[in-house]
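As provided, coords13.tsv (TSV, C-alpha atoms) reads as follows.
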```tsv
chain	number	residue	atom	x	y	z
A	114	MET	CA	-208.65	-17.12	19.69
A	115	GLN	CA	-206.23	-15.74	17.05
A	116	ILE	CA	-202.71	-15.14	18.35
A	117	GLU	CA	-199.53	-14.18	16.53
A	118	GLY	CA	-198.01	-17.29	15.02
A	119	SER	CA	-201.32	-19.11	14.88
A	120	CYS	CA	-201.82	-22.21	12.79
A	121	PRO	CA	-204.61	-21.34	10.33
A	122	LYS	CA	-206.53	-24.53	11.15
A	123	THR	CA	-208.94	-24.84	14.07
A	124	GLN	CA	-208.25	-27.51	16.65
A	125	ARG	CA	-211.19	-29.53	15.32
A	126	GLU	CA	-209.79	-29.29	11.77
A	127	LEU	CA	-206.33	-30.34	12.96
A	128	ILE	CA	-207.76	-33.41	14.65
A	129	GLU	CA	-209.62	-34.37	11.47
A	130	LEU	CA	-206.52	-33.75	9.37
A	131	GLU	CA	-203.67	-35.14	11.47
A	132	PHE	CA	-204.90	-37.29	14.36
A	133	ILE	CA	-204.56	-40.66	12.62
A	134	GLU	CA	-201.05	-39.80	11.37
A	135	HIS	CA	-199.85	-38.94	14.88
A	136	ARG	CA	-201.73	-41.83	16.47
A	137	THR	CA	-199.59	-44.05	14.24
A	138	LYS	CA	-196.41	-42.29	15.34
A	139	ILE	CA	-197.14	-42.67	19.04
A	140	LEU	CA	-197.88	-46.38	18.57
A	141	ASP	CA	-194.55	-46.77	16.77
A	142	ILE	CA	-192.78	-45.22	19.77
A	143	ALA	CA	-194.63	-47.52	22.16
A	144	ALA	CA	-193.74	-50.51	19.99
A	145	PHE	CA	-190.07	-49.48	19.93
A	146	LEU	CA	-190.01	-49.36	23.76
A	147	ASP	CA	-191.77	-52.74	24.01
A	148	ARG	CA	-189.29	-54.18	21.50
A	149	PHE	CA	-186.46	-52.74	23.56
A	150	ASP	CA	-187.87	-54.56	26.62
A	151	ARG	CA	-188.15	-57.81	24.64
A	152	SER	CA	-184.54	-57.65	23.49
A	153	ILE	CA	-182.63	-60.90	23.58
A	154	GLU	CA	-180.07	-59.24	25.85
A	155	HIS	CA	-180.68	-56.31	28.20
A	156	ASN	CA	-177.36	-54.55	27.82
A	157	ALA	CA	-178.23	-50.91	27.14
A	158	ASN	CA	-180.83	-49.70	29.62
A	159	ASP	CA	-178.37	-47.00	30.67
A	160	ASP	CA	-177.36	-46.00	27.12
A	161	PHE	CA	-177.19	-42.19	26.90
A	162	ARG	CA	-179.55	-42.20	23.91
A	163	ILE	CA	-182.29	-44.24	25.55
A	164	LYS	CA	-182.01	-42.15	28.72
A	165	ALA	CA	-182.41	-38.95	26.69
A	166	PHE	CA	-185.29	-40.56	24.82
A	167	ARG	CA	-187.15	-41.30	28.06
A	168	GLU	CA	-186.56	-37.72	29.25
A	169	ALA	CA	-187.94	-36.46	25.94
A	170	LEU	CA	-191.06	-38.60	26.36
A	171	ALA	CA	-191.64	-37.09	29.80
A	172	ALA	CA	-191.28	-33.60	28.29
A	173	LEU	CA	-193.76	-34.55	25.58
A	174	ASN	CA	-196.45	-34.94	28.22
A	175	SER	CA	-196.18	-31.30	29.27
A	176	SER	CA	-199.24	-29.13	28.75
A	177	GLU	CA	-197.11	-26.04	28.12
A	178	PHE	CA	-196.39	-24.69	24.60
A	179	GLY	CA	-192.80	-25.06	23.37
A	180	ARG	CA	-192.46	-28.83	23.63
A	181	VAL	CA	-190.37	-29.22	20.46
A	182	GLU	CA	-187.80	-26.67	21.53
A	183	ARG	CA	-187.53	-28.14	25.03
A	184	ILE	CA	-187.10	-31.66	23.63
A	185	GLN	CA	-184.51	-30.41	21.14
A	186	MET	CA	-182.54	-29.00	24.08
A	187	LEU	CA	-182.85	-32.27	26.02
A	188	LEU	CA	-181.32	-34.03	23.02
A	189	SER	CA	-178.53	-31.46	22.58
A	190	ASP	CA	-174.94	-31.14	23.71
A	191	LEU	CA	-175.18	-28.03	25.88
A	192	SER	CA	-171.47	-27.71	26.58
A	193	SER	CA	-169.65	-24.82	24.95
A	194	GLU	CA	-166.17	-26.32	24.61
A	195	LEU	CA	-164.95	-27.23	21.15
A	196	ARG	CA	-163.84	-30.83	20.73
A	197	ALA	CA	-160.06	-31.17	20.61
A	198	GLU	CA	-160.36	-33.37	17.55
A	199	ARG	CA	-162.94	-35.12	15.40
A	200	ASP	CA	-164.19	-38.41	16.91
A	201	GLY	CA	-165.98	-39.59	13.76
A	202	GLN	CA	-168.16	-38.09	11.05
A	203	SER	CA	-171.62	-38.71	12.48
A	204	ALA	CA	-173.58	-37.38	15.43
A	205	TYR	CA	-175.44	-39.78	17.73
A	206	GLY	CA	-178.77	-38.04	18.32
A	207	ALA	CA	-178.19	-37.28	22.02
A	208	ALA	CA	-175.30	-35.91	24.01
A	209	LYS	CA	-173.03	-38.30	25.88
A	210	GLU	CA	-173.15	-37.60	29.61
A	211	SER	CA	-169.51	-36.50	29.55
A	212	GLU	CA	-170.49	-33.71	27.15
A	213	GLN	CA	-173.49	-32.36	29.05
B	119	MET	CA	-198.46	-24.23	-10.47
B	120	ILE	CA	-196.14	-22.14	-8.32
B	121	ASN	CA	-192.53	-21.98	-9.47
B	122	TYR	CA	-189.88	-22.64	-6.85
B	123	ILE	CA	-186.14	-22.40	-6.25
B	124	ASP	CA	-184.37	-25.20	-4.38
B	125	LEU	CA	-181.63	-23.31	-2.60
B	126	HIS	CA	-179.84	-26.44	-1.44
B	127	ALA	CA	-179.64	-29.50	-3.70
B	128	HIS	CA	-176.64	-31.78	-4.27
B	129	MET	CA	-177.55	-32.59	-7.83
B	130	VAL	CA	-174.21	-34.25	-8.58
B	131	SER	CA	-175.61	-37.14	-6.49
B	132	ARG	CA	-179.00	-37.25	-8.22
B	133	THR	CA	-180.20	-38.77	-11.47
B	134	THR	CA	-181.33	-36.92	-14.55
B	135	ASP	CA	-184.81	-38.28	-13.83
B	136	ASP	CA	-184.78	-36.13	-10.70
B	137	TYR	CA	-184.14	-33.00	-12.79
B	138	HIS	CA	-187.09	-34.03	-14.94
B	139	ALA	CA	-189.38	-34.51	-11.93
B	140	MET	CA	-188.24	-31.21	-10.40
B	141	ALA	CA	-188.92	-29.39	-13.68
B	142	LEU	CA	-192.39	-30.94	-13.90
B	143	THR	CA	-193.19	-29.65	-10.41
B	144	GLY	CA	-192.12	-26.05	-11.08
B	145	CYS	CA	-188.44	-25.93	-10.16
B	146	VAL	CA	-186.77	-23.11	-12.09
B	147	ALA	CA	-183.41	-22.92	-10.33
B	148	VAL	CA	-181.24	-24.90	-7.94
B	149	THR	CA	-178.17	-23.87	-6.00
B	150	GLU	CA	-175.71	-26.62	-5.16
B	151	PRO	CA	-173.31	-26.20	-2.25
B	152	ALA	CA	-170.05	-28.13	-2.31
B	153	PHE	CA	-170.53	-31.32	-0.34
B	154	TRP	CA	-168.81	-34.31	1.23
B	155	ALA	CA	-168.32	-37.23	-1.15
B	156	GLY	CA	-169.06	-39.86	1.50
B	157	TYR	CA	-165.32	-40.26	2.15
B	158	ASP	CA	-162.56	-37.79	2.95
B	159	ARG	CA	-160.80	-36.72	-0.24
B	160	VAL	CA	-157.03	-36.89	-0.03
B	161	SER	CA	-155.86	-34.11	-2.32
B	162	ALA	CA	-156.78	-30.66	-3.59
B	163	SER	CA	-156.83	-32.02	-7.14
B	164	ALA	CA	-159.90	-34.11	-6.23
B	165	PHE	CA	-161.61	-30.85	-5.25
B	166	ALA	CA	-160.50	-29.18	-8.49
B	167	ASP	CA	-162.24	-31.98	-10.42
B	168	TYR	CA	-165.35	-31.58	-8.26
B	169	PHE	CA	-165.45	-27.79	-8.74
B	170	LYS	CA	-165.10	-28.33	-12.49
B	171	HIS	CA	-168.06	-30.72	-12.38
B	172	LEU	CA	-170.13	-28.17	-10.40
B	173	THR	CA	-169.32	-25.31	-12.76
B	174	GLU	CA	-169.29	-27.04	-16.15
B	175	PHE	CA	-171.16	-30.33	-16.42
B	176	GLU	CA	-173.93	-29.83	-13.87
B	177	PRO	CA	-175.29	-26.52	-15.27
B	178	GLN	CA	-175.50	-28.13	-18.70
B	179	ARG	CA	-177.38	-31.15	-17.33
B	180	ALA	CA	-179.84	-28.88	-15.51
B	181	ALA	CA	-180.33	-26.59	-18.51
B	182	LYS	CA	-181.75	-29.48	-20.55
B	183	TYR	CA	-184.74	-29.38	-18.20
B	184	GLY	CA	-185.05	-25.59	-18.12
B	185	ILE	CA	-183.53	-25.43	-14.64
B	186	GLN	CA	-180.84	-22.86	-13.89
B	187	HIS	CA	-177.97	-24.32	-11.89
B	188	TYR	CA	-175.85	-22.24	-9.51
B	189	THR	CA	-173.23	-23.39	-7.06
B	190	TRP	CA	-171.19	-22.59	-3.94
B	191	LEU	CA	-167.59	-23.68	-3.42
B	192	CYS	CA	-165.66	-24.82	-0.36
B	193	LEU	CA	-164.14	-27.72	1.46
B	194	ASN	CA	-167.13	-29.20	3.28
B	195	PRO	CA	-167.21	-29.07	7.12
B	196	LYS	CA	-166.92	-32.86	7.27
B	197	GLU	CA	-163.42	-32.47	5.83
B	198	GLY	CA	-162.54	-29.31	7.76
B	199	GLU	CA	-160.55	-31.26	10.35
B	200	ASP	CA	-157.61	-31.62	7.95
B	201	ARG	CA	-156.02	-28.18	8.15
B	202	GLU	CA	-153.32	-28.85	5.58
B	203	LEU	CA	-155.84	-30.08	3.00
B	204	ALA	CA	-158.07	-27.10	3.83
B	205	ARG	CA	-155.22	-24.67	3.10
B	206	GLU	CA	-154.56	-26.38	-0.24
B	207	VAL	CA	-158.24	-26.34	-1.26
B	208	LEU	CA	-158.70	-22.72	-0.17
B	209	ALA	CA	-155.77	-21.82	-2.42
B	210	ILE	CA	-157.49	-23.22	-5.55
B	211	ILE	CA	-161.00	-21.86	-4.92
B	212	PRO	CA	-160.33	-18.30	-6.21
B	213	GLN	CA	-159.61	-19.56	-9.73
B	214	PHE	CA	-163.21	-20.84	-9.88
B	215	LEU	CA	-164.99	-17.87	-8.28
B	216	GLU	CA	-165.37	-15.92	-11.52
B	217	ARG	CA	-167.23	-18.77	-13.23
B	218	PRO	CA	-170.76	-17.70	-14.20
B	219	ASN	CA	-172.72	-20.03	-11.93
B	220	VAL	CA	-170.68	-19.52	-8.72
B	221	LEU	CA	-172.65	-17.49	-6.17
B	222	GLY	CA	-170.32	-17.70	-3.20
B	223	ILE	CA	-168.62	-19.78	-0.55
B	224	GLY	CA	-170.51	-22.72	0.93
B	225	GLU	CA	-171.66	-24.85	2.52
B	226	ILE	CA	-169.10	-24.00	5.17
B	227	GLY	CA	-169.58	-24.46	8.90
B	228	LEU	CA	-169.05	-27.12	11.51
B	229	ASN	CA	-169.69	-30.86	11.74
B	230	ARG	CA	-168.47	-32.32	15.05
B	231	VAL	CA	-167.64	-28.81	16.35
B	232	THR	CA	-163.88	-29.23	16.70
B	233	ARG	CA	-161.14	-26.61	16.99
B	234	ASN	CA	-159.81	-27.42	13.52
B	235	GLU	CA	-163.27	-27.26	11.97
B	236	LEU	CA	-163.77	-23.79	13.43
B	237	ALA	CA	-160.36	-22.64	12.14
B	238	THR	CA	-161.23	-23.93	8.65
B	239	PHE	CA	-164.63	-22.23	8.85
B	240	ILE	CA	-162.98	-18.90	9.73
B	241	ASP	CA	-160.53	-19.27	6.82
B	242	HIS	CA	-163.46	-19.75	4.44
B	243	VAL	CA	-165.24	-16.68	5.84
B	244	GLU	CA	-162.08	-14.63	5.26
B	245	LEU	CA	-161.90	-15.92	1.68
B	246	ALA	CA	-165.53	-14.92	1.12
B	247	LEU	CA	-164.91	-11.44	2.51
B	248	GLU	CA	-161.75	-11.00	0.46
B	249	HIS	CA	-163.65	-11.82	-2.74
B	250	ASN	CA	-166.97	-10.19	-1.78
B	251	GLN	CA	-168.89	-13.47	-1.98
B	252	LEU	CA	-172.21	-14.52	-0.47
B	253	ILE	CA	-171.88	-17.12	2.30
B	254	HIS	CA	-173.91	-20.31	2.71
B	255	ILE	CA	-173.52	-22.05	6.07
B	256	HIS	CA	-174.09	-25.66	7.14
B	257	THR	CA	-174.96	-26.20	10.79
B	258	PRO	CA	-174.21	-29.54	12.46
B	259	HIS	CA	-176.61	-32.41	12.97
B	260	LEU	CA	-178.58	-33.73	15.92
B	261	GLU	CA	-176.95	-33.19	19.35
B	262	ASP	CA	-174.27	-30.97	17.78
B	263	LYS	CA	-176.80	-28.57	16.21
B	264	TYR	CA	-177.25	-26.16	19.13
B	265	LYS	CA	-173.61	-25.96	20.17
B	266	GLY	CA	-172.36	-25.66	16.58
B	267	THR	CA	-174.90	-23.05	15.52
B	268	LYS	CA	-174.08	-20.99	18.62
B	269	ALA	CA	-170.35	-21.17	17.84
B	270	ILE	CA	-170.98	-20.14	14.21
B	271	VAL	CA	-173.29	-17.24	15.10
B	272	GLU	CA	-170.91	-15.95	17.79
B	273	THR	CA	-167.94	-16.18	15.42
B	274	LEU	CA	-169.74	-14.24	12.69
B	275	ALA	CA	-171.24	-11.70	15.09
B	276	SER	CA	-167.77	-10.87	16.42
B	277	ASN	CA	-166.54	-9.96	12.90
B	278	SER	CA	-167.61	-6.39	12.07
B	279	ARG	CA	-166.90	-6.93	8.37
B	280	ILE	CA	-169.72	-9.48	8.08
B	281	ASP	CA	-172.99	-8.18	6.64
B	282	PRO	CA	-175.52	-10.67	8.03
B	283	SER	CA	-177.93	-10.05	5.16
B	284	ARG	CA	-175.36	-11.70	2.85
B	285	VAL	CA	-175.19	-14.87	4.95
B	286	LEU	CA	-177.66	-17.77	4.99
B	287	VAL	CA	-177.42	-20.12	7.97
B	288	ASP	CA	-178.93	-23.39	6.86
B	289	HIS	CA	-180.55	-26.37	8.61
B	290	VAL	CA	-182.06	-24.32	11.44
B	291	GLU	CA	-184.46	-26.10	13.78
B	292	GLU	CA	-186.75	-25.09	16.63
B	293	HIS	CA	-183.89	-24.51	19.09
B	294	THR	CA	-181.61	-22.55	16.74
B	295	ILE	CA	-183.88	-20.52	14.47
B	296	ARG	CA	-184.33	-17.63	16.89
B	297	MET	CA	-180.63	-16.96	17.43
B	298	VAL	CA	-180.00	-16.95	13.66
B	299	LEU	CA	-182.85	-14.57	12.80
B	300	GLU	CA	-182.17	-12.26	15.76
B	301	HIS	CA	-178.61	-11.73	14.49
B	302	GLY	CA	-179.95	-10.62	11.09
B	303	PHE	CA	-178.92	-13.67	9.06
B	304	TRP	CA	-181.09	-15.50	6.57
B	305	ALA	CA	-182.17	-18.92	7.78
B	306	GLY	CA	-182.80	-22.14	5.88
B	307	LEU	CA	-185.30	-24.85	6.83
B	308	THR	CA	-184.20	-28.19	5.40
B	309	LEU	CA	-186.88	-30.67	4.39
B	310	TYR	CA	-184.84	-33.80	4.94
B	311	PRO	CA	-186.11	-37.06	6.41
B	312	MET	CA	-184.99	-38.17	9.88
B	313	THR	CA	-182.17	-35.76	10.68
B	314	LYS	CA	-183.65	-32.37	9.80
B	315	VAL	CA	-187.25	-31.08	9.61
B	316	SER	CA	-190.51	-32.45	8.23
B	317	PRO	CA	-192.80	-30.23	6.12
B	318	GLY	CA	-195.14	-29.95	9.12
B	319	ARG	CA	-192.41	-28.64	11.43
B	320	ALA	CA	-191.04	-26.29	8.77
B	321	ILE	CA	-194.50	-24.77	8.28
B	322	ASP	CA	-194.91	-24.46	12.07
B	323	MET	CA	-191.71	-22.40	12.25
B	324	LEU	CA	-192.81	-20.24	9.31
B	325	GLU	CA	-196.10	-19.57	11.10
B	326	ILE	CA	-194.40	-18.78	14.42
B	327	TYR	CA	-191.49	-16.66	13.14
B	328	GLY	CA	-193.02	-15.25	9.94
B	329	THR	CA	-191.65	-15.63	6.44
B	330	GLU	CA	-189.08	-12.83	6.47
B	331	ARG	CA	-185.53	-14.09	5.76
B	332	LEU	CA	-186.66	-17.74	5.80
B	333	CYS	CA	-186.25	-20.22	2.96
B	334	VAL	CA	-186.96	-23.92	2.52
B	335	ALA	CA	-184.80	-26.41	0.63
B	336	SER	CA	-184.50	-30.15	0.06
B	337	ALA	CA	-180.75	-30.67	0.59
B	338	CYS	CA	-181.26	-33.79	-1.51
B	339	ASP	CA	-178.02	-35.73	-1.83
B	340	TRP	CA	-176.80	-39.34	-2.02
B	341	GLY	CA	-178.54	-40.23	1.26
B	342	PRO	CA	-182.25	-40.97	1.80
B	343	SER	CA	-183.64	-37.60	0.69
B	344	GLN	CA	-186.29	-36.10	-1.54
B	345	PRO	CA	-185.60	-33.94	-4.61
B	346	LEU	CA	-189.33	-33.10	-4.58
B	347	ALA	CA	-189.31	-32.05	-0.93
B	348	ILE	CA	-190.30	-28.46	-1.77
B	349	PRO	CA	-193.41	-29.31	-3.85
B	350	ASN	CA	-194.35	-31.80	-1.12
B	351	CYS	CA	-194.05	-29.02	1.43
B	352	MET	CA	-196.08	-26.69	-0.81
B	353	PHE	CA	-198.84	-29.31	-0.80
B	354	GLU	CA	-198.74	-29.37	3.01
B	355	MET	CA	-198.86	-25.55	3.08
B	356	ARG	CA	-201.99	-25.58	0.95
B	357	ARG	CA	-203.51	-28.35	3.10
B	358	ARG	CA	-202.75	-26.24	6.17
B	359	GLY	CA	-204.72	-23.38	4.61
B	360	HIS	CA	-201.98	-21.00	3.49
B	361	SER	CA	-202.52	-18.75	0.48
B	362	GLN	CA	-200.78	-19.05	-2.87
B	363	GLN	CA	-199.14	-15.68	-2.16
B	364	TRP	CA	-197.74	-16.91	1.17
B	365	ILE	CA	-196.37	-20.07	-0.45
B	366	HIS	CA	-194.87	-18.11	-3.34
B	367	GLU	CA	-193.12	-15.80	-0.87
B	368	VAL	CA	-191.46	-18.75	0.86
B	369	VAL	CA	-190.47	-20.93	-2.09
B	370	TYR	CA	-189.66	-18.34	-4.73
B	371	THR	CA	-189.48	-14.70	-3.63
B	372	ASN	CA	-187.35	-15.27	-0.52
B	373	PRO	CA	-184.62	-17.40	-2.10
B	374	SER	CA	-184.63	-15.08	-5.11
B	375	ARG	CA	-184.21	-12.07	-2.81
B	376	PHE	CA	-181.25	-13.61	-0.98
B	377	LEU	CA	-179.53	-15.00	-4.07
B	378	SER	CA	-180.01	-11.83	-6.14
B	379	GLN	CA	-177.43	-10.17	-3.93
B	380	SER	CA	-174.99	-11.90	-6.26
B	381	PRO	CA	-174.99	-10.13	-9.65
B	382	LYS	CA	-174.65	-13.54	-11.26
B	383	PHE	CA	-178.05	-14.77	-10.07
B	384	LYS	CA	-180.52	-13.87	-12.78
B	385	LEU	CA	-183.68	-15.86	-13.35
B	386	ALA	CA	-184.42	-16.60	-16.98
B	387	PRO	CA	-187.12	-14.33	-18.45
B	388	LEU	CA	-189.59	-17.21	-18.76
B	389	ALA	CA	-189.23	-18.20	-15.10
B	390	GLN	CA	-189.47	-14.56	-14.06
B	391	ALA	CA	-192.57	-13.99	-16.17
B	392	LEU	CA	-194.27	-17.11	-14.84
B	393	ALA	CA	-193.47	-16.06	-11.28
B	394	ASP	CA	-194.74	-12.50	-11.78
```
Here is the file; what I need is its structure written in the form of structure tokens.
Amino acid sequence: MQIEGSCPKTQRELIELEFIEHRTKILDIAAFLDRFDRSIEHNANDDFRIKAFREALAALNSSEFGRVERIQMLLSDLSSELRAERDGQSAYGAAKESEQ
Amino acid sequence: MINYIDLHAHMVSRTTDDYHAMALTGCVAVTEPAFWAGYDRVSASAFADYFKHLTEFEPQRAAKYGIQHYTWLCLNPKEGEDRELAREVLAIIPQFLERPNVLGIGEIGLNRVTRNELATFIDHVELALEHNQLIHIHTPHLEDKYKGTKAIVETLASNSRIDPSRVLVDHVEEHTIRMVLEHGFWAGLTLYPMTKVSPGRAIDMLEIYGTERLCVASACDWGPSQPLAIPNCMFEMRRRGHSQQWIHEVVYTNPSRFLSQSPKFKLAPLAQALAD
């Protein structure tokens, strides 16, 4: 089936081309979570980043198209208020709960 | 070999070997937006030195490898919080705008999406309008991307003097690309490890949204980044099954079309002939 915005590869071709690469990535994520569980001190199970990460993993399992955009939004600050002042130069990768 | 233009490359931070490698892979022109030095500069004179570097030394260094070097001037969004410094830097920018490799004002925008950053962004937009300059926009990183891009797009859309076809909003991702294109702006996909998009995701967005008003760039700088990000992406495009014509449109024709709105942007005859 050819739809607008199609990837020019067939599903079979994509599996041949990219499966191993993404198999590696999913194992890296699993290993990160196992490592997190093995941490010498369990002091960040409620960290806003790890909570957002777990929500993103749940969204990854959806069978509906648009996973990247939905995960991007889960990892975004959805508030519309400008910060009163700069709190540092770097972003964190997920929104703090106070900003959602 | 397909020639390409890297529309966003902080070459001041790169070695001469990088110019060599870029030339070997078909790079014919780079445009270098003014950037953050890794620390907040304390005076406008530091910016004057930087602008001199961007407009004098860097084009000469690039020319030795047959690469045309153009630039954009501003106080980077990471320094936009300091309103007094911003006013001082904005006051010295006009004396550099007539230099032959200056295409416009950039990369302006937001970083942590603060009130002062937005005020500094608006001041830069006014400067660009006053001097009829193209505008190159940085959008924030990670969790700030959506909120910051929305604030930028709404600010520009509310200004009737802005011609969106003369503005490129850079670093778009899956959740911001639509709003940028729907408002008529050009959009940049940045092939930067970790914090921006991979070649695979960039190509996905090009397939989904089409190639019109979309460019790719490396944004290579002093961080972990790849000056050869565009040829790497071209390889992925070919592997994905895209035609030479499609690739050429994305990496050469599109940036050339946007940049040629500045009368100063002229590709050397050799590069033009090779591309034709």
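Straight-line separation from CA of Arg230 (chain B) to CA of Asp158 (chain B): 14.5 Å.
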> Do you have the CA of Arg199 (chain A)-CA of His289 (chain B) distance handy?
Replying inline: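 For CA of Arg199 (chain A) relative to CA of His289 (chain B), the distance reads 20.8 Å.
Compared by their closest atoms to Leu146 (chain A), and using only C-alpha atoms, the residues A:Ser175, A:Leu170, A:Lys122, A:Leu188 rank with A:Leu170 nearest.
Residue nearest Leu221 (chain B) within the list B:Met312, B:Val146, B:Ala180, B:Leu377: B:Leu377 [criterion: smallest interatomic distance, all atoms listed in the file].
Picture a line from CA of Ser119 (chain A) to CA of Phe178 (chain A); it runs 12.2 Å.
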Taking all atoms of region 132-140 of chain A that the file lists and extending 5 Å past them on each side, where is the centre of the axis-aligned box and how long are its edges? Answer in Å to one decimal, as JSON.
```
{"center_x": -200.7, "center_y": -41.8, "center_z": 15.2, "size_x": 18.5, "size_y": 19.1, "size_z": 17.7}
```
>> as number ranges by chain, could you give me every residue of chain A near chain B (at most 9 Å apart, counting all atoms listed in the file)?
In response: A: 117-122, 127, 130, 181-183, 185-208
> Can you find the residues with an atom no farther than 10 Å from (-172.6, -8.3, -2.6), counting only C-alpha atoms, and report them as JSON, numbers by chain?
Replying inline: {"B": [221, 222, 247, 249, 250, 251, 252, 281, 283, 284, 377, 378, 379, 380, 381]}
> Quick one: residues within 12 Å of region 165-177 of chain B, all atoms listed in the file counted, chain neighbours fewer than 3 positions away excluded, as an NGL selection string?
Replying inline: :B and (127-134 or 137 or 147-155 or 158-162 or 180-194 or 197 or 203-204 or 206-221 or 223)
>> When you look at His366 (chain B) with a cut-off of 10 Å (counting only C-alpha atoms), what residues show up, excluding the ones that are within fewer than 2 positions of it in the same chain? I need them as a list in words.
In response: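 Selected residues are Ile120, Asn121, Tyr122, Met352, Ser361, Gln362, Gln363, Trp364, Val368, Val369, Tyr370, Thr371, Asn372 and Ala393 of chain B.
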Write the selection just made, keeping C-alpha atoms, as a short mmCIF file (atom, residue, chain, number, x, y, z; two decimals), keeping the file's coordinate frame?
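result_10.cif, written as the output of this step:
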```cif
data_model
loop_
_atom_site.label_atom_id
_atom_site.label_comp_id
_atom_site.auth_asym_id
_atom_site.auth_seq_id
_atom_site.Cartn_x
_atom_site.Cartn_y
_atom_site.Cartn_z
CA ILE B 120 -196.14 -22.14 -8.32
CA ASN B 121 -192.53 -21.98 -9.47
CA TYR B 122 -189.88 -22.64 -6.85
CA MET B 352 -196.08 -26.69 -0.81
CA SER B 361 -202.52 -18.75 0.48
CA GLN B 362 -200.78 -19.05 -2.87
CA GLN B 363 -199.14 -15.68 -2.16
CA TRP B 364 -197.74 -16.91 1.17
CA VAL B 368 -191.46 -18.75 0.86
CA VAL B 369 -190.47 -20.93 -2.09
CA TYR B 370 -189.66 -18.34 -4.73
CA THR B 371 -189.48 -14.70 -3.63
CA ASN B 372 -187.35 -15.27 -0.52
CA ALA B 393 -193.47 -16.06 -11.28
#
```
> Neighbours of Lys209 (chain A) within 9 Å (all atoms listed in the file; same-chain residues fewer than 6 positions away dropped), as a list in words?
Replying inline: Asp160, Phe161, Arg162 and Asp190 of chain A
Print the selection's residues with C-alpha atoms to a file, as an mmCIF file, in the coordinates of the input.
```
data_model
loop_
_atom_site.group_PDB
_atom_site.id
_atom_site.type_symbol
_atom_site.label_atom_id
_atom_site.label_comp_id
_atom_site.auth_asym_id
_atom_site.auth_seq_id
_atom_site.Cartn_x
_atom_site.Cartn_y
_atom_site.Cartn_z
ATOM 1 C CA ASP A 160 -177.360 -46.000 27.120
ATOM 2 C CA PHE A 161 -177.190 -42.190 26.900
ATOM 3 C CA ARG A 162 -179.550 -42.200 23.910
ATOM 4 C CA ASP A 190 -174.940 -31.140 23.710
#
```
>> Calculated over only C-alpha atoms, which of the candidates B:Trp304, B:Lys382, B:Pro311, B:Arg375 has the smallest distance to Gly341 (chain B)?
In response: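 Closest to Gly341 (chain B), using only C-alpha atoms: B:Pro311.
Of the residues under consideration (B:Thr273, B:Ser278, B:Thr257, B:Ser163), B:Thr257 shows the shortest atom-to-atom contact distance to Leu307 (chain B) when counting all atoms listed in the file.
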Which polymer residues have any atom within 12 Å of an atom of Val285 (chain B), counting only C-alpha atoms, with same-chain residues fewer than 5 positions away left out, as a PDB file with C-alpha atoms, in the coordinates of the input?
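File selection-v9.pdb, as written:
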```
ATOM      1  CA  LEU B 221    -172.650 -17.490  -6.170  1.00  0.00           C
ATOM      2  CA  GLY B 222    -170.320 -17.700  -3.200  1.00  0.00           C
ATOM      3  CA  ILE B 223    -168.620 -19.780  -0.550  1.00  0.00           C
ATOM      4  CA  GLY B 224    -170.510 -22.720   0.930  1.00  0.00           C
ATOM      5  CA  GLU B 225    -171.660 -24.850   2.520  1.00  0.00           C
ATOM      6  CA  ILE B 226    -169.100 -24.000   5.170  1.00  0.00           C
ATOM      7  CA  GLY B 227    -169.580 -24.460   8.900  1.00  0.00           C
ATOM      8  CA  VAL B 243    -165.240 -16.680   5.840  1.00  0.00           C
ATOM      9  CA  ALA B 246    -165.530 -14.920   1.120  1.00  0.00           C
ATOM     10  CA  LEU B 247    -164.910 -11.440   2.510  1.00  0.00           C
ATOM     11  CA  ASN B 250    -166.970 -10.190  -1.780  1.00  0.00           C
ATOM     12  CA  GLN B 251    -168.890 -13.470  -1.980  1.00  0.00           C
ATOM     13  CA  LEU B 252    -172.210 -14.520  -0.470  1.00  0.00           C
ATOM     14  CA  ILE B 253    -171.880 -17.120   2.300  1.00  0.00           C
ATOM     15  CA  HIS B 254    -173.910 -20.310   2.710  1.00  0.00           C
ATOM     16  CA  ILE B 255    -173.520 -22.050   6.070  1.00  0.00           C
ATOM     17  CA  HIS B 256    -174.090 -25.660   7.140  1.00  0.00           C
ATOM     18  CA  ILE B 270    -170.980 -20.140  14.210  1.00  0.00           C
ATOM     19  CA  VAL B 271    -173.290 -17.240  15.100  1.00  0.00           C
ATOM     20  CA  LEU B 274    -169.740 -14.240  12.690  1.00  0.00           C
ATOM     21  CA  ALA B 275    -171.240 -11.700  15.090  1.00  0.00           C
ATOM     22  CA  ARG B 279    -166.900  -6.930   8.370  1.00  0.00           C
ATOM     23  CA  ILE B 280    -169.720  -9.480   8.080  1.00  0.00           C
ATOM     24  CA  VAL B 298    -180.000 -16.950  13.660  1.00  0.00           C
ATOM     25  CA  LEU B 299    -182.850 -14.570  12.800  1.00  0.00           C
ATOM     26  CA  HIS B 301    -178.610 -11.730  14.490  1.00  0.00           C
ATOM     27  CA  GLY B 302    -179.950 -10.620  11.090  1.00  0.00           C
ATOM     28  CA  PHE B 303    -178.920 -13.670   9.060  1.00  0.00           C
ATOM     29  CA  TRP B 304    -181.090 -15.500   6.570  1.00  0.00           C
ATOM     30  CA  ALA B 305    -182.170 -18.920   7.780  1.00  0.00           C
ATOM     31  CA  GLY B 306    -182.800 -22.140   5.880  1.00  0.00           C
ATOM     32  CA  ARG B 331    -185.530 -14.090   5.760  1.00  0.00           C
ATOM     33  CA  LEU B 332    -186.660 -17.740   5.800  1.00  0.00           C
ATOM     34  CA  PHE B 376    -181.250 -13.610  -0.980  1.00  0.00           C
ATOM     35  CA  LEU B 377    -179.530 -15.000  -4.070  1.00  0.00           C
ATOM     36  CA  GLN B 379    -177.430 -10.170  -3.930  1.00  0.00           C
ATOM     37  CA  SER B 380    -174.990 -11.900  -6.260  1.00  0.00           C
TER      38      SER B 380
END
```
